[in-house]
Amino acid sequence: MRVSCSGLGVTFHSAAGDVQALSNVTFETREGEFLAIVGPSGSGKTTLLRVLAGQIVPEHGAVARIPSPDGGSRALMVSQENSLFPWMTVLENAAFGLEMMGIAKPERHARARELLQRTGIAGWDHYYPAQLSLGMKQRVAVIRSFLSDPSLLLMDEPFSALDVQTRLTLQEELLALWEQSHRSVVFVTHDVEEAILLSDRVLVLGERPGTLVGRFSIPFPRPRHASLTLSEEFLFLKRRIWTELGLQAREEATA
């Protein structure tokens with residue numbers, strides 16, 4: 001599924017006053033693309049994802065959802081806080097989307113076990129979320145999202161609470177899963193390095209009210225691995241994106 005956004009504007013109204021979250025945001029995703037959105041805290045990244053998910057109706061502009069060639073038009077959101085069901089086992093959580101699609105128990109459990117094996121948590125099938133580390137919970141949440149087979153996967157800083165080593169591991173696992181499906185993904189993060197490593201393009205949101213201040217195509221071939229982040233070309237692109245973010249921040253400070 002593709003999404004076309006034109007002139008999006010969102011303002012939150014409350015007794016304490018109005019807060020403009022997004023202003024004149026225009027872009028279009030591509031079928032099968034991994035698109036990353038970066039920006040400082042408060043720049044409206046999560047708000048934008050919620051607009052794409054249909055959870056927020058923008059006050060200005062429009063969002064058009066173009067179904068995939070197979071007719072798929074379902075979006076699924078994965079948040080930075082895992083959303084596993086505490087009363088379900090790891091296997092049941094991972095296979096939940098397949099269950100909702102009417103897939104028979106033997107098949108859905110077999111498909112879930114395959115991904116649990118590939119992502120390093122085989123043998124934990126019958127454990128419950130309370131018994132898992134945060135990194136393992138996020139693994140299960142990502143597996144469930146891919147098995148749910150959405151046309152558009154919206155990911156809101158899913159690895160932000162993890163330690164560096166666990167985050168790198170999950171980034172590579174996410175890339176491996178994506179390489180097999182090439183599902184359309186919009187991935188929000190404040191981590192420029194993560195955005196470059198994972199995505200085909202990076203959009204940069206400036207300080208609130210969030211508006212697009214930069215667009216970058218990622219030139220590195222796939223498959224990618226964490227070692228790419230040490231290359232001269234990677235560091236050069238990272239500096240360019242940081243410069244875009246830094247310039248915007250200085251403009252806001254002197255306005």
# chains A, B, ... in the order shown; residues from 1 in each chain; ligands from 1

$ residues_around --residues "Arg113 (chain A)" --least-positions-apart "3" --cutoff "9 Å" --atoms "only C-alpha atoms" --output "PDB file with N, CA and C atoms, in the first residue's frame"
ATOM      1  N   LEU A  91       4.267 -17.913  21.922  1.00  0.00           N
ATOM      2  CA  LEU A  91       3.780 -18.485  20.672  1.00  0.00           C
ATOM      3  C   LEU A  91       2.399 -17.944  20.313  1.00  0.00           C
ATOM      4  N   ALA A  94       2.757 -14.323  19.139  1.00  0.00           N
ATOM      5  CA  ALA A  94       3.367 -14.223  17.814  1.00  0.00           C
ATOM      6  C   ALA A  94       2.380 -14.603  16.717  1.00  0.00           C
ATOM      7  N   ALA A  95       1.520 -15.572  17.004  1.00  0.00           N
ATOM      8  CA  ALA A  95       0.586 -16.090  15.996  1.00  0.00           C
ATOM      9  C   ALA A  95      -0.768 -15.393  16.027  1.00  0.00           C
ATOM     10  N   ARG A 108      -0.612 -21.761  11.838  1.00  0.00           N
ATOM     11  CA  ARG A 108      -0.160 -20.486  12.412  1.00  0.00           C
ATOM     12  C   ARG A 108       0.953 -20.703  13.433  1.00  0.00           C
ATOM     13  N   HIS A 109       0.876 -21.783  14.206  1.00  0.00           N
ATOM     14  CA  HIS A 109       1.936 -22.060  15.164  1.00  0.00           C
ATOM     15  C   HIS A 109       3.228 -22.452  14.462  1.00  0.00           C
ATOM     16  N   ALA A 110       3.125 -23.186  13.370  1.00  0.00           N
ATOM     17  CA  ALA A 110       4.321 -23.562  12.611  1.00  0.00           C
ATOM     18  C   ALA A 110       5.005 -22.328  12.031  1.00  0.00           C
ATOM     19  N   LEU A 116      10.301 -17.361  15.289  1.00  0.00           N
ATOM     20  CA  LEU A 116      10.894 -17.366  16.628  1.00  0.00           C
ATOM     21  C   LEU A 116      12.274 -18.023  16.582  1.00  0.00           C
ATOM     22  N   GLN A 117      12.401 -19.076  15.802  1.00  0.00           N
ATOM     23  CA  GLN A 117      13.685 -19.753  15.638  1.00  0.00           C
ATOM     24  C   GLN A 117      14.699 -18.818  14.982  1.00  0.00           C
ATOM     25  N   ARG A 118      14.285 -18.155  13.918  1.00  0.00           N
ATOM     26  CA  ARG A 118      15.204 -17.295  13.158  1.00  0.00           C
ATOM     27  C   ARG A 118      15.639 -16.078  13.956  1.00  0.00           C
ATOM     28  N   ALA A 122      13.733 -19.284  20.016  1.00  0.00           N
ATOM     29  CA  ALA A 122      13.156 -20.633  20.024  1.00  0.00           C
ATOM     30  C   ALA A 122      13.301 -21.211  21.432  1.00  0.00           C
ATOM     31  N   ASP A 125       8.557 -20.636  23.594  1.00  0.00           N
ATOM     32  CA  ASP A 125       7.169 -20.663  23.098  1.00  0.00           C
ATOM     33  C   ASP A 125       6.136 -20.547  24.210  1.00  0.00           C
TER      34      ASP A 125
END

$ select_by_dssp --residues "region 132-238 of chain A" --states "alpha helix (DSSP H)" --output "ChimeraX atom specification"
/A:134-147,164-181,192-198,232-238

$ select_by_dssp --residues "region 23-169 of chain A" --states "strand (DSSP E or B)" --output "list in words"
Ser23, Asn24, Val25, Thr26, Phe27, Glu28, Phe34, Leu35, Ala36, Ile37, Val38, His60, Gly61, Ala62, Val63, Ala64, Arg65, Ile66, Ala75, Leu76, Met77, Val78, Leu152, Leu153, Leu154, Met155 and Asp156 of chain A

$ write_last_selection --atoms "C-alpha atoms" --output "short mmCIF file (atom, residue, chain, number, x, y, z; two decimals), in the first residue's frame"
data_model
loop_
_atom_site.label_atom_id
_atom_site.label_comp_id
_atom_site.auth_asym_id
_atom_site.auth_seq_id
_atom_site.Cartn_x
_atom_site.Cartn_y
_atom_site.Cartn_z
CA SER A 23 2.19 22.03 9.41
CA ASN A 24 2.00 21.60 5.63
CA VAL A 25 3.50 18.09 5.50
CA THR A 26 3.56 16.71 1.96
CA PHE A 27 5.11 13.44 0.78
CA GLU A 28 4.26 10.10 -0.81
CA PHE A 34 11.18 1.18 3.81
CA LEU A 35 10.74 4.87 4.65
CA ALA A 36 12.24 6.37 7.80
CA ILE A 37 11.15 9.64 9.43
CA VAL A 38 13.55 11.38 11.82
CA HIS A 60 -5.77 20.62 6.97
CA GLY A 61 -4.66 18.70 3.91
CA ALA A 62 -5.50 15.18 2.87
CA VAL A 63 -4.28 11.59 3.08
CA ALA A 64 -4.91 9.20 0.18
CA ARG A 65 -4.35 5.48 0.67
CA ILE A 66 -3.55 3.58 -2.52
CA ALA A 75 -2.18 -0.60 8.08
CA LEU A 76 -0.74 -1.91 11.36
CA MET A 77 1.06 0.16 13.99
CA VAL A 78 3.88 -1.09 16.25
CA LEU A 152 1.58 -0.96 5.46
CA LEU A 153 3.58 -1.37 8.66
CA LEU A 154 3.88 1.77 10.83
CA MET A 155 6.66 1.52 13.43
CA ASP A 156 6.97 4.14 16.17
#

$ closest_residue --among "A:Val142, A:Ala15, A:Val188, A:Val202" --to "Glu173 (chain A)" --atoms "only C-alpha atoms"
A:Val142

$ closest_residue --among "A:His225, A:Phe159, A:Phe12, A:Glu33" --to "Val186 (chain A)" --atoms "only C-alpha atoms"
A:Glu33

$ closest_atom_pairs --of "region 140-242 of chain A" --to "region 126-133 of chain A" --cutoff "12 Å" --atoms "only C-alpha atoms" --output "Markdown table"
| residue | atom | partner | partner_atom | distance |
| --- | --- | --- | --- | --- |
| A:Val140 | CA | A:Pro129 | CA | 9.2 |
| A:Ala141 | CA | A:Pro129 | CA | 10.5 |
| A:Ala161 | CA | A:Ser133 | CA | 11.6 |
| A:Leu162 | CA | A:Ser133 | CA | 9.9 |
| A:Asp163 | CA | A:Ser133 | CA | 11.4 |
| A:Thr166 | CA | A:Ser133 | CA | 10.5 |
